[in-house]
Every structure is written in structure tokens, then in C-alpha cells.
file start21.cif (mmCIF, C-alpha atoms)
data_upload
#
loop_
_atom_site.label_atom_id
_atom_site.label_comp_id
_atom_site.auth_asym_id
_atom_site.auth_seq_id
_atom_site.Cartn_x
_atom_site.Cartn_y
_atom_site.Cartn_z
CA MET A 271 -11.57 3.55 -15.07
CA GLU A 272 -10.13 0.20 -16.08
CA ARG A 273 -7.85 1.64 -18.75
CA GLN A 274 -6.68 4.37 -16.41
CA ALA A 275 -6.12 1.90 -13.55
CA TYR A 276 -3.81 -0.30 -15.63
CA GLU A 277 -1.95 2.76 -16.92
CA ILE A 278 -1.40 4.05 -13.39
CA ALA A 279 -0.39 0.58 -12.15
CA SER A 280 2.27 0.42 -14.89
CA TRP A 281 4.12 3.34 -13.32
CA GLY A 282 5.82 1.08 -10.78
CA LYS A 283 5.49 -1.77 -8.30
CA ASN A 284 5.15 0.71 -5.44
CA VAL A 285 2.06 2.35 -6.97
CA THR A 286 -1.39 1.91 -5.46
CA VAL A 287 -4.37 2.58 -7.70
CA LYS A 288 -7.32 4.33 -6.09
CA ILE A 289 -10.71 3.00 -7.19
CA PRO A 290 -13.98 4.48 -5.94
CA VAL A 291 -16.45 1.94 -4.55
CA THR A 292 -19.00 3.12 -7.15
CA ASN A 293 -18.91 5.21 -10.28
CA THR A 294 -20.64 8.60 -10.40
CA GLN A 295 -23.92 6.92 -11.31
CA GLY A 296 -23.83 4.76 -8.16
CA VAL A 297 -22.89 1.53 -9.97
CA PHE A 298 -20.73 -0.71 -7.76
CA SER A 299 -17.16 -1.04 -9.08
CA GLY A 300 -17.07 -4.71 -8.12
CA SER A 301 -16.06 -6.21 -11.45
CA LEU A 302 -13.15 -3.78 -11.79
CA ILE A 303 -12.05 -4.34 -8.19
CA LYS A 304 -12.09 -8.10 -8.75
CA LYS A 305 -10.22 -7.91 -12.05
CA LEU A 306 -7.50 -5.58 -10.77
CA SER A 307 -6.98 -7.61 -7.60
CA ARG A 308 -6.87 -10.85 -9.59
CA ASP A 309 -4.23 -9.30 -11.86
CA GLY A 310 -2.06 -8.37 -8.87
CA VAL A 311 -2.72 -4.63 -8.97
CA THR A 312 -2.48 -3.02 -5.54
CA ILE A 313 -5.67 -1.01 -5.08
CA ASN A 314 -7.16 1.39 -2.59
CA VAL A 315 -10.93 1.06 -2.76
CA THR A 316 -12.18 4.41 -1.55
CA ALA A 317 -15.29 6.31 -0.47
CA LEU A 318 -16.84 3.43 1.47
CA MET A 319 -19.41 4.34 4.11
CA THR A 320 -21.11 1.06 5.06
CA LEU A 321 -20.21 -2.38 6.35
CA ASN A 322 -22.10 -3.88 3.42
CA GLN A 323 -19.71 -2.10 1.06
CA VAL A 324 -16.74 -3.42 3.06
CA LEU A 325 -18.13 -6.95 2.86
CA GLN A 326 -18.76 -6.67 -0.89
CA VAL A 327 -15.22 -5.40 -1.50
CA CYS A 328 -13.63 -7.94 0.83
CA GLU A 329 -15.25 -10.82 -1.06
CA LEU A 330 -13.65 -9.58 -4.30
CA LEU A 331 -10.09 -9.11 -3.08
CA GLU A 332 -7.51 -11.78 -3.80
CA SER A 333 -5.92 -12.95 -0.56
CA ASP A 334 -2.38 -12.64 -1.96
CA THR A 335 -2.76 -9.16 -3.51
CA PRO A 336 -2.18 -6.11 -1.30
CA ALA A 337 -5.16 -3.80 -0.99
CA MET A 338 -6.49 -0.94 1.08
CA VAL A 339 -10.07 -0.22 1.96
CA SER A 340 -10.83 3.41 2.81
CA LEU A 341 -13.82 3.62 5.10
CA PHE A 342 -14.71 7.28 5.65
CA ALA A 343 -15.17 7.27 9.42
CA GLY A 344 -15.14 11.06 9.64
CA ARG A 345 -17.94 11.43 7.15
CA ILE A 346 -19.88 8.69 8.92
CA ALA A 347 -19.50 10.68 12.17
CA ASP A 348 -20.68 13.81 10.36
CA THR A 349 -24.06 12.08 9.91
CA GLY A 350 -24.45 11.63 13.67
CA ARG A 351 -23.43 7.96 13.65
CA ASP A 352 -20.65 6.58 15.85
CA PRO A 353 -18.00 5.22 13.45
CA VAL A 354 -16.20 3.14 16.09
CA PRO A 355 -18.47 0.04 15.94
CA ILE A 356 -18.50 0.20 12.15
CA MET A 357 -14.71 0.45 11.97
CA SER A 358 -14.29 -2.35 14.50
CA ASP A 359 -16.54 -4.65 12.48
CA ALA A 360 -14.70 -3.66 9.28
CA VAL A 361 -11.37 -4.73 10.84
CA LYS A 362 -12.93 -8.13 11.58
CA LEU A 363 -14.32 -8.47 8.06
CA LEU A 364 -10.97 -7.65 6.48
CA SER A 365 -9.13 -10.17 8.63
CA ALA A 366 -10.18 -12.74 6.01
CA ARG A 367 -7.82 -10.93 3.62
CA PRO A 368 -4.43 -10.73 5.36
CA LYS A 369 -2.93 -8.38 2.76
CA ALA A 370 -5.85 -5.96 2.97
CA GLU A 371 -5.54 -2.94 5.24
CA LEU A 372 -8.32 -0.76 6.59
CA ILE A 373 -7.91 3.01 6.35
CA TRP A 374 -9.72 5.26 8.85
CA ALA A 375 -10.37 7.98 6.30
CA SER A 376 -11.40 11.56 6.82
CA PRO A 377 -10.71 11.89 10.57
CA ARG A 378 -12.08 14.99 12.23
CA GLU A 379 -10.19 15.16 15.54
CA VAL A 380 -7.21 13.78 17.47
CA LEU A 381 -9.53 11.41 19.35
CA ASN A 382 -9.98 9.57 16.05
CA VAL A 383 -6.29 8.58 16.11
CA PHE A 384 -6.84 6.78 19.42
CA GLN A 385 -10.15 5.31 18.27
CA ALA A 386 -8.51 3.94 15.12
CA GLU A 387 -5.73 2.37 17.17
CA GLY A 388 -8.26 0.97 19.63
CA VAL A 389 -10.20 -0.94 16.99
CA GLY A 390 -7.04 -2.22 15.29
CA CYS A 391 -7.32 -0.08 12.18
CA HIS A 392 -4.18 -0.37 10.05
CA ILE A 393 -3.91 3.19 8.70
CA ILE A 394 -5.42 6.57 9.49
CA THR A 395 -5.22 9.55 7.21
CA ALA A 396 -4.37 12.74 9.09
CA THR A 397 -4.35 16.37 8.09
CA HIS A 398 -1.65 18.76 9.22
CA ASP A 399 -4.12 20.26 11.71
CA ILE A 400 -4.61 16.90 13.42
CA LEU A 401 -0.88 16.19 13.46
CA LYS A 402 -0.22 19.58 15.09
CA LYS A 403 -2.70 18.80 17.86
CA LEU A 404 -0.84 15.62 18.80
CA SER A 405 1.56 17.84 20.76
CA ILE A 406 -1.16 18.57 23.34
CA VAL A 407 -2.15 14.95 23.96
CA GLY A 408 -2.25 14.44 27.72
CA ILE A 409 -1.85 18.13 28.58
CA ASP A 410 -2.95 19.13 32.07
CA LEU A 411 -6.54 20.34 31.60
CA ASP A 412 -6.24 23.10 34.24
CA LEU A 413 -3.24 24.48 32.35
CA PHE A 414 -5.12 24.09 29.06
CA SER A 415 -8.05 26.01 30.57
CA LEU A 416 -5.76 28.84 31.64
CA GLU A 417 -4.10 28.97 28.21
CA THR A 418 -7.56 29.17 26.63
CA VAL A 419 -8.64 32.04 28.89
CA LYS A 420 -5.42 33.91 28.05
CA MET A 421 -6.03 33.31 24.34
CA PHE A 422 -9.54 34.79 24.65
CA TYR A 423 -8.15 37.79 26.51
CA ASP A 424 -5.38 38.35 23.93
CA ASP A 425 -7.91 38.08 21.09
CA GLY A 426 -10.09 40.71 22.77
CA CYS A 427 -7.13 43.05 23.26
CA LEU A 428 -6.03 42.64 19.64
CA ALA A 429 -9.55 43.37 18.45
CA GLY A 430 -9.49 46.62 20.42
CA TYR A 431 -12.84 46.02 22.08
CA LYS A 432 -13.45 47.81 25.36
CA ILE A 433 -16.46 48.05 27.57
CA ASN A 434 -16.83 51.46 29.18
CA ASP A 435 -17.00 51.65 32.93
CA PHE A 436 -20.37 52.74 34.24
#

call {"tool": "encode", "arguments": {"input": "start21.cif", "output": "C-alpha cells"}}
result
Amino acid sequence: MERQAYEIASWGKNVTVKIPVTNTQGVFSGSLIKKLSRDGVTINVTALMTLNQVLQVCELLESDTPAMVSLFAGRIADTGRDPVPIMSDAVKLLSARPKAELIWASPREVLNVFQAEGVGCHIITATHDILKKLSIVGIDLDLFSLETVKMFYDDGCLAGYKINDF
């Protein structure tokens, strides 16, 4: 990973090198994170799931080197845990590193955009599906209900299903 990281970093000053928080054997990438940050390489430490991981990474980042920390809030939520308190605490932890930005990674719904903003998260990744849904933010719910009923009706008509009269 180290050789590849320096190769990728050499491509330009606007390049960010993505480093997983551990290798595939579960070994923490701490020494590499520290070395790259110390050498001024902008990194995105990815695949974090816990506040302990955020703390470990934060302690290794140089305060004058830009960095991103990708905390996978969507995957955390998939496990039945509320990611909001974790993300909020992560923002606080990273405040010790002014050039480090927290990424709300792997969002699952539009609500996550507002949750990320609410906790002060710097960046949120968003799929095209989530971006498309931003157009209905604040829609009248009665109108949305009617549109949904019409969609169900149209789907039934297109499917050709009919229930015979008795």
C-alpha cells in the first residue's frame, strides 16, 4: 500500500490517496497513515465504523496536512445502530485537526443529508438516487400520498391485473 500511495500521490497536488483503516487481515494501517500525513500526502482514510478508529486515526494526522476520514454512517445504520451520535462525536474528535474533514459515507436516504448537516459533518457522499430525491424535500404529504396511490393504480393497470366482479 505504501508504494502505491506514493505513486498515486505523485500524480498531482490535487490528488487524495485513499487508505483503508486496516488491511485485509485486520491490521490497523496506522503507521502508513502517520507516514503519509507526515510527508504531506493528502489522504482519505476509509472504511471506518467506530469512534475508536476515528480517535486512532485523528491522533496520527498532522495538523497541517489535509485529510479526510470516511466514517460509514450508512453501514453503521444497517446494523441497527443510530449513526447520528457517532458522527456527532466524530466531528468533535476531528476538530483537533483543522485540516481534517469528516465524510458521512454510504448514506442510505435523503434524511442522512440533513443529519450530516445537523452534526456539522463536512462532506457526505451521495448516490444519484439520493440526489434525485432532493427534489421532493418539503413536498406536501397529502399530495405525495395521492401521487403514491396513483402510482400504485398505474402499476396495476400496466400489469394487466383485474379482479372479476362477483

call {"tool": "closest_residue", "arguments": {"input": "start21.cif", "among": "A:Leu318, A:Asn434, A:His398, A:Arg273", "to": "Gly296 in chain A", "atoms": "only C-alpha atoms"}}
result
A:Leu318

call {"tool": "resolve_selection", "arguments": {"input": "start21.cif", "expression": "the PyMOL selection byres ((chain A and resi 302-308) around 12)", "output": "compact mmCIF listing (two decimals) with C-alpha atoms, keeping the file's coordinate frame"}}
result
# COMPACT_ATOMS: atom_id res chain seq x y z
CA MET A 271 -11.57 3.55 -15.07
CA GLU A 272 -10.13 0.20 -16.08
CA ARG A 273 -7.85 1.64 -18.75
CA GLN A 274 -6.68 4.37 -16.41
CA ALA A 275 -6.12 1.90 -13.55
CA TYR A 276 -3.81 -0.30 -15.63
CA GLU A 277 -1.95 2.76 -16.92
CA ILE A 278 -1.40 4.05 -13.39
CA ALA A 279 -0.39 0.58 -12.15
CA THR A 286 -1.39 1.91 -5.46
CA VAL A 287 -4.37 2.58 -7.70
CA LYS A 288 -7.32 4.33 -6.09
CA ILE A 289 -10.71 3.00 -7.19
CA PRO A 290 -13.98 4.48 -5.94
CA VAL A 291 -16.45 1.94 -4.55
CA THR A 292 -19.00 3.12 -7.15
CA ASN A 293 -18.91 5.21 -10.28
CA VAL A 297 -22.89 1.53 -9.97
CA PHE A 298 -20.73 -0.71 -7.76
CA SER A 299 -17.16 -1.04 -9.08
CA GLY A 300 -17.07 -4.71 -8.12
CA SER A 301 -16.06 -6.21 -11.45
CA ASP A 309 -4.23 -9.30 -11.86
CA GLY A 310 -2.06 -8.37 -8.87
CA VAL A 311 -2.72 -4.63 -8.97
CA THR A 312 -2.48 -3.02 -5.54
CA ILE A 313 -5.67 -1.01 -5.08
CA ASN A 314 -7.16 1.39 -2.59
CA VAL A 315 -10.93 1.06 -2.76
CA THR A 316 -12.18 4.41 -1.55
CA GLN A 326 -18.76 -6.67 -0.89
CA VAL A 327 -15.22 -5.40 -1.50
CA CYS A 328 -13.63 -7.94 0.83
CA GLU A 329 -15.25 -10.82 -1.06
CA LEU A 330 -13.65 -9.58 -4.30
CA LEU A 331 -10.09 -9.11 -3.08
CA GLU A 332 -7.51 -11.78 -3.80
CA SER A 333 -5.92 -12.95 -0.56
CA ASP A 334 -2.38 -12.64 -1.96
CA THR A 335 -2.76 -9.16 -3.51
CA PRO A 336 -2.18 -6.11 -1.30
CA ALA A 337 -5.16 -3.80 -0.99
CA MET A 338 -6.49 -0.94 1.08
CA VAL A 339 -10.07 -0.22 1.96
CA ARG A 367 -7.82 -10.93 3.62
CA LYS A 369 -2.93 -8.38 2.76
CA ALA A 370 -5.85 -5.96 2.97

call {"tool": "resolve_selection", "arguments": {"input": "start21.cif", "expression": "the PyMOL selection byres ((chain A and resi 355-359) around 12)", "output": "PDB file with C-alpha atoms, in the coordinates of the input"}}
result
ATOM      1  CA  LEU A 318     -16.840   3.430   1.470  1.00  0.00           C
ATOM      2  CA  MET A 319     -19.410   4.340   4.110  1.00  0.00           C
ATOM      3  CA  THR A 320     -21.110   1.060   5.060  1.00  0.00           C
ATOM      4  CA  LEU A 321     -20.210  -2.380   6.350  1.00  0.00           C
ATOM      5  CA  ASN A 322     -22.100  -3.880   3.420  1.00  0.00           C
ATOM      6  CA  GLN A 323     -19.710  -2.100   1.060  1.00  0.00           C
ATOM      7  CA  VAL A 324     -16.740  -3.420   3.060  1.00  0.00           C
ATOM      8  CA  LEU A 325     -18.130  -6.950   2.860  1.00  0.00           C
ATOM      9  CA  VAL A 339     -10.070  -0.220   1.960  1.00  0.00           C
ATOM     10  CA  SER A 340     -10.830   3.410   2.810  1.00  0.00           C
ATOM     11  CA  LEU A 341     -13.820   3.620   5.100  1.00  0.00           C
ATOM     12  CA  PHE A 342     -14.710   7.280   5.650  1.00  0.00           C
ATOM     13  CA  ALA A 343     -15.170   7.270   9.420  1.00  0.00           C
ATOM     14  CA  GLY A 344     -15.140  11.060   9.640  1.00  0.00           C
ATOM     15  CA  ILE A 346     -19.880   8.690   8.920  1.00  0.00           C
ATOM     16  CA  ALA A 347     -19.500  10.680  12.170  1.00  0.00           C
ATOM     17  CA  ARG A 351     -23.430   7.960  13.650  1.00  0.00           C
ATOM     18  CA  ASP A 352     -20.650   6.580  15.850  1.00  0.00           C
ATOM     19  CA  PRO A 353     -18.000   5.220  13.450  1.00  0.00           C
ATOM     20  CA  VAL A 354     -16.200   3.140  16.090  1.00  0.00           C
ATOM     21  CA  ALA A 360     -14.700  -3.660   9.280  1.00  0.00           C
ATOM     22  CA  VAL A 361     -11.370  -4.730  10.840  1.00  0.00           C
ATOM     23  CA  LYS A 362     -12.930  -8.130  11.580  1.00  0.00           C
ATOM     24  CA  LEU A 363     -14.320  -8.470   8.060  1.00  0.00           C
ATOM     25  CA  LEU A 364     -10.970  -7.650   6.480  1.00  0.00           C
ATOM     26  CA  SER A 365      -9.130 -10.170   8.630  1.00  0.00           C
ATOM     27  CA  GLU A 371      -5.540  -2.940   5.240  1.00  0.00           C
ATOM     28  CA  LEU A 372      -8.320  -0.760   6.590  1.00  0.00           C
ATOM     29  CA  ILE A 373      -7.910   3.010   6.350  1.00  0.00           C
ATOM     30  CA  TRP A 374      -9.720   5.260   8.850  1.00  0.00           C
ATOM     31  CA  ALA A 375     -10.370   7.980   6.300  1.00  0.00           C
ATOM     32  CA  ASN A 382      -9.980   9.570  16.050  1.00  0.00           C
ATOM     33  CA  GLN A 385     -10.150   5.310  18.270  1.00  0.00           C
ATOM     34  CA  ALA A 386      -8.510   3.940  15.120  1.00  0.00           C
ATOM     35  CA  GLU A 387      -5.730   2.370  17.170  1.00  0.00           C
ATOM     36  CA  GLY A 388      -8.260   0.970  19.630  1.00  0.00           C
ATOM     37  CA  VAL A 389     -10.200  -0.940  16.990  1.00  0.00           C
ATOM     38  CA  GLY A 390      -7.040  -2.220  15.290  1.00  0.00           C
ATOM     39  CA  CYS A 391      -7.320  -0.080  12.180  1.00  0.00           C
ATOM     40  CA  HIS A 392      -4.180  -0.370  10.050  1.00  0.00           C
ATOM     41  CA  ILE A 393      -3.910   3.190   8.700  1.00  0.00           C
ATOM     42  CA  ILE A 394      -5.420   6.570   9.490  1.00  0.00           C
TER      43      ILE A 394
END

call {"tool": "residues_around", "arguments": {"input": "start21.cif", "residues": "range 406-415 of chain A", "least_positions_apart": "6", "cutoff": "12 Å", "atoms": "all atoms listed in the file", "output": "PDB file with C-alpha atoms, in the coordinates of the input"}}
result
ATOM      1  CA  GLU A 379     -10.190  15.160  15.540  1.00  0.00           C
ATOM      2  CA  VAL A 380      -7.210  13.780  17.470  1.00  0.00           C
ATOM      3  CA  LEU A 381      -9.530  11.410  19.350  1.00  0.00           C
ATOM      4  CA  VAL A 383      -6.290   8.580  16.110  1.00  0.00           C
ATOM      5  CA  PHE A 384      -6.840   6.780  19.420  1.00  0.00           C
ATOM      6  CA  ILE A 400      -4.610  16.900  13.420  1.00  0.00           C
ATOM      7  CA  MET A 421      -6.030  33.310  24.340  1.00  0.00           C
ATOM      8  CA  PHE A 422      -9.540  34.790  24.650  1.00  0.00           C
TER       9      PHE A 422
END

call {"tool": "atom_distance", "arguments": {"input": "start21.cif", "atom1": "CA of Ile433 in chain A", "atom2": "CA of Glu417 in chain A"}}
result
22.7 Å

call {"tool": "atom_distance", "arguments": {"input": "start21.cif", "atom1": "CA of Lys432 in chain A", "atom2": "CA of Lys420 in chain A"}}
result
16.3 Å

call {"tool": "atom_distance", "arguments": {"input": "start21.cif", "atom1": "CA of Lys403 in chain A", "atom2": "CA of Thr418 in chain A"}}
result
14.4 Å

call {"tool": "axis_aligned_box", "arguments": {"input": "start21.cif", "around": "range 360-374 of chain A", "padding_each_side": "8 Å", "output": "JSON"}}
result
{"center_x": -8.8, "center_y": -3.7, "center_z": 7.2, "size_x": 27.8, "size_y": 34.0, "size_z": 24.8}
